[in-house]
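The file query_13.cif comes next; it holds mmCIF, C-alpha atoms.
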data_start
loop_
_atom_site.label_atom_id
_atom_site.label_comp_id
_atom_site.auth_asym_id
_atom_site.auth_seq_id
_atom_site.Cartn_x
_atom_site.Cartn_y
_atom_site.Cartn_z
CA MET A 264 18.10 14.57 16.05
CA ARG A 265 17.00 11.26 14.62
CA ASN A 266 13.62 9.88 15.69
CA CYS A 267 14.55 6.23 16.25
CA LYS A 268 10.95 5.02 16.56
CA ALA A 269 9.92 6.72 13.31
CA TYR A 270 13.02 5.39 11.57
CA GLY A 271 12.23 1.85 12.73
CA ARG A 272 8.61 2.25 11.68
CA ALA A 273 9.76 3.49 8.25
CA ARG A 274 11.90 0.37 7.82
CA GLY A 275 8.92 -1.77 8.82
CA LEU A 276 6.76 0.04 6.28
CA GLY A 277 9.48 -0.54 3.69
CA TRP A 278 9.36 -4.29 4.32
CA PHE A 279 5.55 -4.15 4.33
CA SER A 280 5.61 -2.43 0.92
CA ILE A 281 7.89 -5.05 -0.55
CA GLY A 282 5.83 -7.93 0.87
CA LEU A 283 2.52 -6.44 -0.24
CA GLY A 284 4.00 -5.65 -3.63
CA LEU A 285 5.05 -9.27 -4.11
CA VAL A 286 1.54 -10.44 -3.20
CA GLU A 287 -0.01 -7.95 -5.62
CA LEU A 288 2.46 -8.79 -8.38
CA PHE A 289 2.34 -12.58 -8.19
CA GLY A 290 -1.15 -13.03 -6.72
CA ALA A 291 -2.93 -10.32 -8.68
CA ARG A 292 -5.58 -12.57 -10.21
CA ARG A 293 -6.50 -14.17 -6.89
CA LEU A 294 -6.49 -10.84 -5.04
CA ALA A 295 -8.60 -9.12 -7.70
CA ARG A 296 -11.08 -12.01 -7.63
CA ALA A 297 -11.30 -11.84 -3.80
CA LEU A 298 -12.19 -8.15 -4.02
CA GLY A 299 -14.62 -8.45 -6.91
CA LEU A 300 -12.22 -6.60 -9.22
CA GLU A 301 -11.64 -9.32 -11.80
CA ASP A 302 -11.34 -6.72 -14.55
CA ARG A 303 -8.44 -4.97 -12.78
CA VAL A 304 -5.78 -7.71 -12.63
CA ARG A 305 -3.24 -5.67 -14.63
CA LEU A 306 -3.81 -2.66 -12.41
CA VAL A 307 -3.24 -4.76 -9.28
CA ARG A 308 0.05 -5.98 -10.78
CA MET A 309 1.09 -2.40 -11.50
CA TYR A 310 0.25 -1.49 -7.91
CA GLY A 311 2.50 -4.36 -6.85
CA LEU A 312 5.41 -2.92 -8.82
CA ARG A 313 4.70 0.48 -7.25
CA GLU A 314 4.75 -1.03 -3.76
CA ILE A 315 8.06 -2.82 -4.38
CA ALA A 316 9.64 0.35 -5.79
CA THR A 317 8.38 2.36 -2.83
CA GLY A 318 9.75 -0.17 -0.35
CA ILE A 319 13.15 -0.13 -2.02
CA GLY A 320 13.02 3.68 -2.09
CA ILE A 321 12.40 3.79 1.65
CA PHE A 322 15.53 1.73 2.27
CA ALA A 323 17.64 3.63 -0.25
CA SER A 324 16.68 7.08 1.08
CA GLY A 325 17.85 6.55 4.64
CA GLU A 326 15.80 8.77 6.92
CA SER A 327 13.97 10.84 4.32
CA ALA A 328 10.17 11.02 4.40
CA THR A 329 9.90 11.38 0.61
CA TRP A 330 9.21 7.70 -0.07
CA LEU A 331 6.72 7.54 2.81
CA TRP A 332 4.77 10.36 1.17
CA ALA A 333 4.93 8.29 -2.03
CA ARG A 334 3.32 5.47 -0.02
CA VAL A 335 0.57 7.86 1.05
CA ALA A 336 -0.07 8.77 -2.60
CA GLY A 337 -0.15 5.06 -3.46
CA ASP A 338 -2.60 4.46 -0.61
CA ALA A 339 -4.88 7.09 -2.15
CA LEU A 340 -4.78 5.20 -5.47
CA ASP A 341 -5.51 1.94 -3.67
CA LEU A 342 -8.50 3.51 -1.90
CA MET A 343 -9.88 4.90 -5.17
CA THR A 344 -9.63 1.46 -6.75
CA LEU A 345 -11.20 -0.21 -3.72
CA ALA A 346 -14.03 2.34 -3.84
CA THR A 347 -15.05 0.84 -7.17
CA ALA A 348 -15.44 -2.52 -5.39
CA LEU A 349 -17.84 -1.04 -2.83
CA ARG A 350 -20.72 -1.02 -5.30
CA PRO A 351 -23.87 -2.72 -3.93
CA ASP A 352 -23.92 -5.40 -6.64
CA ASN A 353 -20.42 -6.66 -5.74
CA ALA A 354 -20.75 -10.01 -3.96
CA LYS A 355 -17.25 -9.45 -2.52
CA ARG A 356 -18.16 -6.04 -1.06
CA GLY A 357 -17.44 -7.14 2.53
CA THR A 358 -13.91 -8.15 1.60
CA ALA A 359 -13.42 -4.81 -0.15
CA VAL A 360 -14.64 -2.93 2.95
CA PHE A 361 -12.17 -4.92 5.08
CA ALA A 362 -9.34 -4.17 2.65
CA ALA A 363 -10.21 -0.46 2.51
CA SER A 364 -10.26 -0.30 6.32
CA ASN A 365 -6.79 -1.82 6.43
CA VAL A 366 -5.49 0.59 3.80
CA LEU A 367 -6.86 3.51 5.85
CA ALA A 368 -5.10 2.23 8.96
CA VAL A 369 -1.78 1.84 7.15
CA THR A 370 -2.23 5.28 5.56
CA ALA A 371 -2.51 6.79 9.03
CA LEU A 372 0.72 5.05 10.00
CA ASP A 373 2.41 6.25 6.79
CA VAL A 374 1.38 9.88 7.49
CA LEU A 375 2.42 9.71 11.14
CA THR A 376 5.83 8.30 10.23
CA ALA A 377 6.42 10.69 7.30
CA ARG A 378 5.65 13.67 9.53
CA GLN A 379 8.24 12.52 12.06
CA LEU A 380 11.09 12.18 9.54
CA PRO A 381 13.03 14.91 7.73
CA ALA A 382 11.82 15.86 4.26
#

In structure tokens, write the structure found in this file.
Amino acid sequence: MRNCKAYGRARGLGWFSIGLGLVELFGARRLARALGLEDRVRLVRMYGLREIATGIGIFASGESATWLWARVAGDALDLMTLATALRPDNAKRGTAVFAASNVLAVTALDVLTARQLPA
């Protein structure tokens, strides 16, 4: 039986991935600067491509949780990168903490949704 709420949430997360990916791809320099990660602009752009691919994968896979688990893996990468911005000498540390908190919240939603969909 299809979980309609989880399916709708998955579609929302797919759109979120595509939107976030576009921001990371085309606004990488500004985003990296805001987080105190000026030396990671290329990495932010790569994360943008990953987000777009994951969003498209969610739509292409129908009801499968596979691409949501890929989002969870991507969230882990994002958190590891943001952890480097949490150093005490980073003037943008507060922004990085805010971003990491948001990534954690979305990760929880990704896990919840992936667990409610077929593998």

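Proximity of A:Thr358, A:Lys268, A:Gly325, A:Leu331 to A:Leu294, computed with all atoms listed in the file, is greatest for A:Thr358.
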
Item to check | Neighbour residues at most 10 Å from (10.1, -2.2, -3.0) (only C-alpha atoms) as a PyMOL selection string | outcome: chain A and resi 277-285+311-323

Checklist entry - Rounded to one decimal in Å, what is the spacing between atom CA of A:Asp373 and atom CA of A:Glu287? => result 19.0 Å

Next on the checklist: Would you compute the distance between atom CA of A:Val374 and atom CA of A:Val360? Give it in Å to one decimal.
Outcome noted: 21.0 Å

Checklist entry - Between A:Ala348, A:Ala328, A:Met309, A:Ala333, which one has atoms that come closest to A:Arg378, using all atoms listed in the file? => result A:Ala328

Checklist entry - Which residue out of A:Arg293, A:Ala377, A:Trp330, A:Leu300 has the minimum interatomic distance to A:Ala346 when all atoms listed in the file are used? => result A:Leu300

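Look at everything within 12 Å of (1.3, 6.3, 11.0) using only C-alpha atoms, and the residues you get are A:Lys268, A:Ala269, A:Tyr270, A:Gly271, A:Arg272, A:Ala273, A:Gly275, A:Leu276, A:Leu331, A:Trp332, A:Arg334, A:Val335, A:Val366, A:Leu367, A:Ala368, A:Val369, A:Thr370, A:Ala371, A:Leu372, A:Asp373, A:Val374, A:Leu375, A:Thr376, A:Ala377, A:Arg378, A:Gln379, A:Leu380.
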
For stretch 315-328 of chain A, take all atoms listed in the file, fit an axis-aligned box around them, add 3 Å to each of the six sides, then output centre and edge lengths in Å rounded to one decimal, as AutoDock Vina command-line options.
--center_x 13.0 --center_y 4.1 --center_z 0.6 --size_x 15.8 --size_y 19.8 --size_z 18.7

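Atom to atom, atom CA of A:Asn365 and atom CA of A:Thr347 stand 16.1 Å apart.
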
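With all atoms listed in the file as the basis for measurement, A:Thr344 is the residue among A:Cys267, A:Ala359, A:Val286, A:Thr344 that approaches A:Asp302 most closely.
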
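The smallest atom-to-atom distance between A:Ala354 and any of A:Gly299, A:Asn266, A:Leu288, A:Val307, using all atoms listed in the file, is found for A:Gly299.
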
When you look at A:Asp341 with a cut-off of 9 Å (counting all atoms listed in the file), what residues show up, excluding the ones that are within fewer than 4 positions of it in the same chain? I need them as a PDB file with C-alpha atoms, in the coordinates of the input.
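Ended up saving to selection.pdb:
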ATOM      1  CA  TYR A 310       0.250  -1.490  -7.910  1.00  0.00           C
ATOM      2  CA  ALA A 336      -0.070   8.770  -2.600  1.00  0.00           C
ATOM      3  CA  GLY A 337      -0.150   5.060  -3.460  1.00  0.00           C
ATOM      4  CA  LEU A 345     -11.200  -0.210  -3.720  1.00  0.00           C
ATOM      5  CA  ALA A 346     -14.030   2.340  -3.840  1.00  0.00           C
ATOM      6  CA  ALA A 363     -10.210  -0.460   2.510  1.00  0.00           C
ATOM      7  CA  VAL A 366      -5.490   0.590   3.800  1.00  0.00           C
TER       8      VAL A 366
END

Checklist outcome for this item: In terms of only C-alpha atoms, the residue from A:Lys355, A:Phe361, A:Ala382, A:Leu349 at minimal distance from A:Leu298 is A:Lys355

Output stretch 324-335 of chain A as a PDB file, keeping the file's coordinate frame, making sure all heavy atoms are there.
ATOM      1  N   SER A 324      16.673   5.654   0.726  1.00  0.00           N
ATOM      2  CA  SER A 324      16.680   7.080   1.080  1.00  0.00           C
ATOM      3  C   SER A 324      17.163   7.343   2.493  1.00  0.00           C
ATOM      4  O   SER A 324      17.261   8.489   2.908  1.00  0.00           O
ATOM      5  CB  SER A 324      15.294   7.669   0.888  1.00  0.00           C
ATOM      6  OG  SER A 324      14.403   7.156   1.868  1.00  0.00           O
ATOM      7  N   GLY A 325      17.414   6.329   3.258  1.00  0.00           N
ATOM      8  CA  GLY A 325      17.850   6.550   4.640  1.00  0.00           C
ATOM      9  C   GLY A 325      16.700   7.030   5.503  1.00  0.00           C
ATOM     10  O   GLY A 325      15.733   6.325   5.694  1.00  0.00           O
ATOM     11  N   GLU A 326      16.799   8.255   5.990  1.00  0.00           N
ATOM     12  CA  GLU A 326      15.800   8.770   6.920  1.00  0.00           C
ATOM     13  C   GLU A 326      14.821   9.753   6.275  1.00  0.00           C
ATOM     14  O   GLU A 326      14.069  10.420   6.971  1.00  0.00           O
ATOM     15  CB  GLU A 326      16.487   9.451   8.095  1.00  0.00           C
ATOM     16  CG  GLU A 326      17.288   8.482   8.926  1.00  0.00           C
ATOM     17  CD  GLU A 326      17.920   9.168  10.108  1.00  0.00           C
ATOM     18  OE1 GLU A 326      17.318  10.095  10.657  1.00  0.00           O
ATOM     19  OE2 GLU A 326      19.019   8.762  10.474  1.00  0.00           O
ATOM     20  N   SER A 327      14.832   9.882   5.002  1.00  0.00           N
ATOM     21  CA  SER A 327      13.970  10.840   4.320  1.00  0.00           C
ATOM     22  C   SER A 327      12.520  10.382   4.281  1.00  0.00           C
ATOM     23  O   SER A 327      12.224   9.198   4.125  1.00  0.00           O
ATOM     24  CB  SER A 327      14.466  11.038   2.883  1.00  0.00           C
ATOM     25  OG  SER A 327      13.533  11.779   2.142  1.00  0.00           O
ATOM     26  N   ALA A 328      11.605  11.334   4.418  1.00  0.00           N
ATOM     27  CA  ALA A 328      10.170  11.020   4.400  1.00  0.00           C
ATOM     28  C   ALA A 328       9.611  10.948   2.983  1.00  0.00           C
ATOM     29  O   ALA A 328       8.462  10.556   2.801  1.00  0.00           O
ATOM     30  CB  ALA A 328       9.414  12.090   5.199  1.00  0.00           C
ATOM     31  N   THR A 329      10.403  11.297   1.990  1.00  0.00           N
ATOM     32  CA  THR A 329       9.900  11.380   0.610  1.00  0.00           C
ATOM     33  C   THR A 329       9.189  10.116   0.163  1.00  0.00           C
ATOM     34  O   THR A 329       8.090  10.170  -0.380  1.00  0.00           O
ATOM     35  CB  THR A 329      11.068  11.694  -0.351  1.00  0.00           C
ATOM     36  OG1 THR A 329      11.699  12.894   0.079  1.00  0.00           O
ATOM     37  CG2 THR A 329      10.575  11.840  -1.774  1.00  0.00           C
ATOM     38  N   TRP A 330       9.807   8.963   0.391  1.00  0.00           N
ATOM     39  CA  TRP A 330       9.210   7.700  -0.070  1.00  0.00           C
ATOM     40  C   TRP A 330       7.996   7.306   0.772  1.00  0.00           C
ATOM     41  O   TRP A 330       7.116   6.595   0.298  1.00  0.00           O
ATOM     42  CB  TRP A 330      10.242   6.596  -0.122  1.00  0.00           C
ATOM     43  CG  TRP A 330      11.156   6.790  -1.289  1.00  0.00           C
ATOM     44  CD1 TRP A 330      12.383   7.359  -1.294  1.00  0.00           C
ATOM     45  CD2 TRP A 330      10.866   6.471  -2.645  1.00  0.00           C
ATOM     46  NE1 TRP A 330      12.885   7.403  -2.569  1.00  0.00           N
ATOM     47  CE2 TRP A 330      11.969   6.857  -3.415  1.00  0.00           C
ATOM     48  CE3 TRP A 330       9.775   5.877  -3.293  1.00  0.00           C
ATOM     49  CZ2 TRP A 330      12.023   6.678  -4.799  1.00  0.00           C
ATOM     50  CZ3 TRP A 330       9.825   5.687  -4.662  1.00  0.00           C
ATOM     51  CH2 TRP A 330      10.937   6.084  -5.402  1.00  0.00           C
ATOM     52  N   LEU A 331       7.926   7.787   2.007  1.00  0.00           N
ATOM     53  CA  LEU A 331       6.720   7.540   2.810  1.00  0.00           C
ATOM     54  C   LEU A 331       5.555   8.355   2.260  1.00  0.00           C
ATOM     55  O   LEU A 331       4.420   7.874   2.235  1.00  0.00           O
ATOM     56  CB  LEU A 331       6.969   7.857   4.278  1.00  0.00           C
ATOM     57  CG  LEU A 331       7.876   6.831   4.951  1.00  0.00           C
ATOM     58  CD1 LEU A 331       8.297   7.306   6.322  1.00  0.00           C
ATOM     59  CD2 LEU A 331       7.191   5.485   5.053  1.00  0.00           C
ATOM     60  N   TRP A 332       5.839   9.573   1.807  1.00  0.00           N
ATOM     61  CA  TRP A 332       4.770  10.360   1.170  1.00  0.00           C
ATOM     62  C   TRP A 332       4.352   9.702  -0.148  1.00  0.00           C
ATOM     63  O   TRP A 332       3.176   9.756  -0.527  1.00  0.00           O
ATOM     64  CB  TRP A 332       5.201  11.809   0.969  1.00  0.00           C
ATOM     65  CG  TRP A 332       5.276  12.569   2.260  1.00  0.00           C
ATOM     66  CD1 TRP A 332       6.379  13.140   2.814  1.00  0.00           C
ATOM     67  CD2 TRP A 332       4.200  12.808   3.180  1.00  0.00           C
ATOM     68  NE1 TRP A 332       6.050  13.716   4.016  1.00  0.00           N
ATOM     69  CE2 TRP A 332       4.723  13.533   4.264  1.00  0.00           C
ATOM     70  CE3 TRP A 332       2.836  12.475   3.197  1.00  0.00           C
ATOM     71  CZ2 TRP A 332       3.949  13.949   5.349  1.00  0.00           C
ATOM     72  CZ3 TRP A 332       2.064  12.883   4.271  1.00  0.00           C
ATOM     73  CH2 TRP A 332       2.610  13.601   5.333  1.00  0.00           C
ATOM     74  N   ALA A 333       5.288   9.051  -0.828  1.00  0.00           N
ATOM     75  CA  ALA A 333       4.930   8.290  -2.030  1.00  0.00           C
ATOM     76  C   ALA A 333       3.997   7.146  -1.656  1.00  0.00           C
ATOM     77  O   ALA A 333       3.063   6.820  -2.397  1.00  0.00           O
ATOM     78  CB  ALA A 333       6.184   7.772  -2.732  1.00  0.00           C
ATOM     79  N   ARG A 334       4.227   6.511  -0.495  1.00  0.00           N
ATOM     80  CA  ARG A 334       3.320   5.470  -0.020  1.00  0.00           C
ATOM     81  C   ARG A 334       1.926   6.039   0.217  1.00  0.00           C
ATOM     82  O   ARG A 334       0.930   5.412  -0.119  1.00  0.00           O
ATOM     83  CB  ARG A 334       3.845   4.840   1.286  1.00  0.00           C
ATOM     84  CG  ARG A 334       4.826   3.711   1.081  1.00  0.00           C
ATOM     85  CD  ARG A 334       5.041   2.909   2.349  1.00  0.00           C
ATOM     86  NE  ARG A 334       3.820   2.529   3.027  1.00  0.00           N
ATOM     87  CZ  ARG A 334       3.026   1.514   2.675  1.00  0.00           C
ATOM     88  NH1 ARG A 334       3.341   0.767   1.641  1.00  0.00           N
ATOM     89  NH2 ARG A 334       1.939   1.249   3.355  1.00  0.00           N
ATOM     90  N   VAL A 335       1.860   7.232   0.799  1.00  0.00           N
ATOM     91  CA  VAL A 335       0.570   7.860   1.050  1.00  0.00           C
ATOM     92  C   VAL A 335      -0.171   8.094  -0.272  1.00  0.00           C
ATOM     93  O   VAL A 335      -1.375   7.817  -0.382  1.00  0.00           O
ATOM     94  CB  VAL A 335       0.729   9.191   1.836  1.00  0.00           C
ATOM     95  CG1 VAL A 335      -0.587   9.944   1.933  1.00  0.00           C
ATOM     96  CG2 VAL A 335       1.296   8.918   3.230  1.00  0.00           C
TER      97      VAL A 335
END
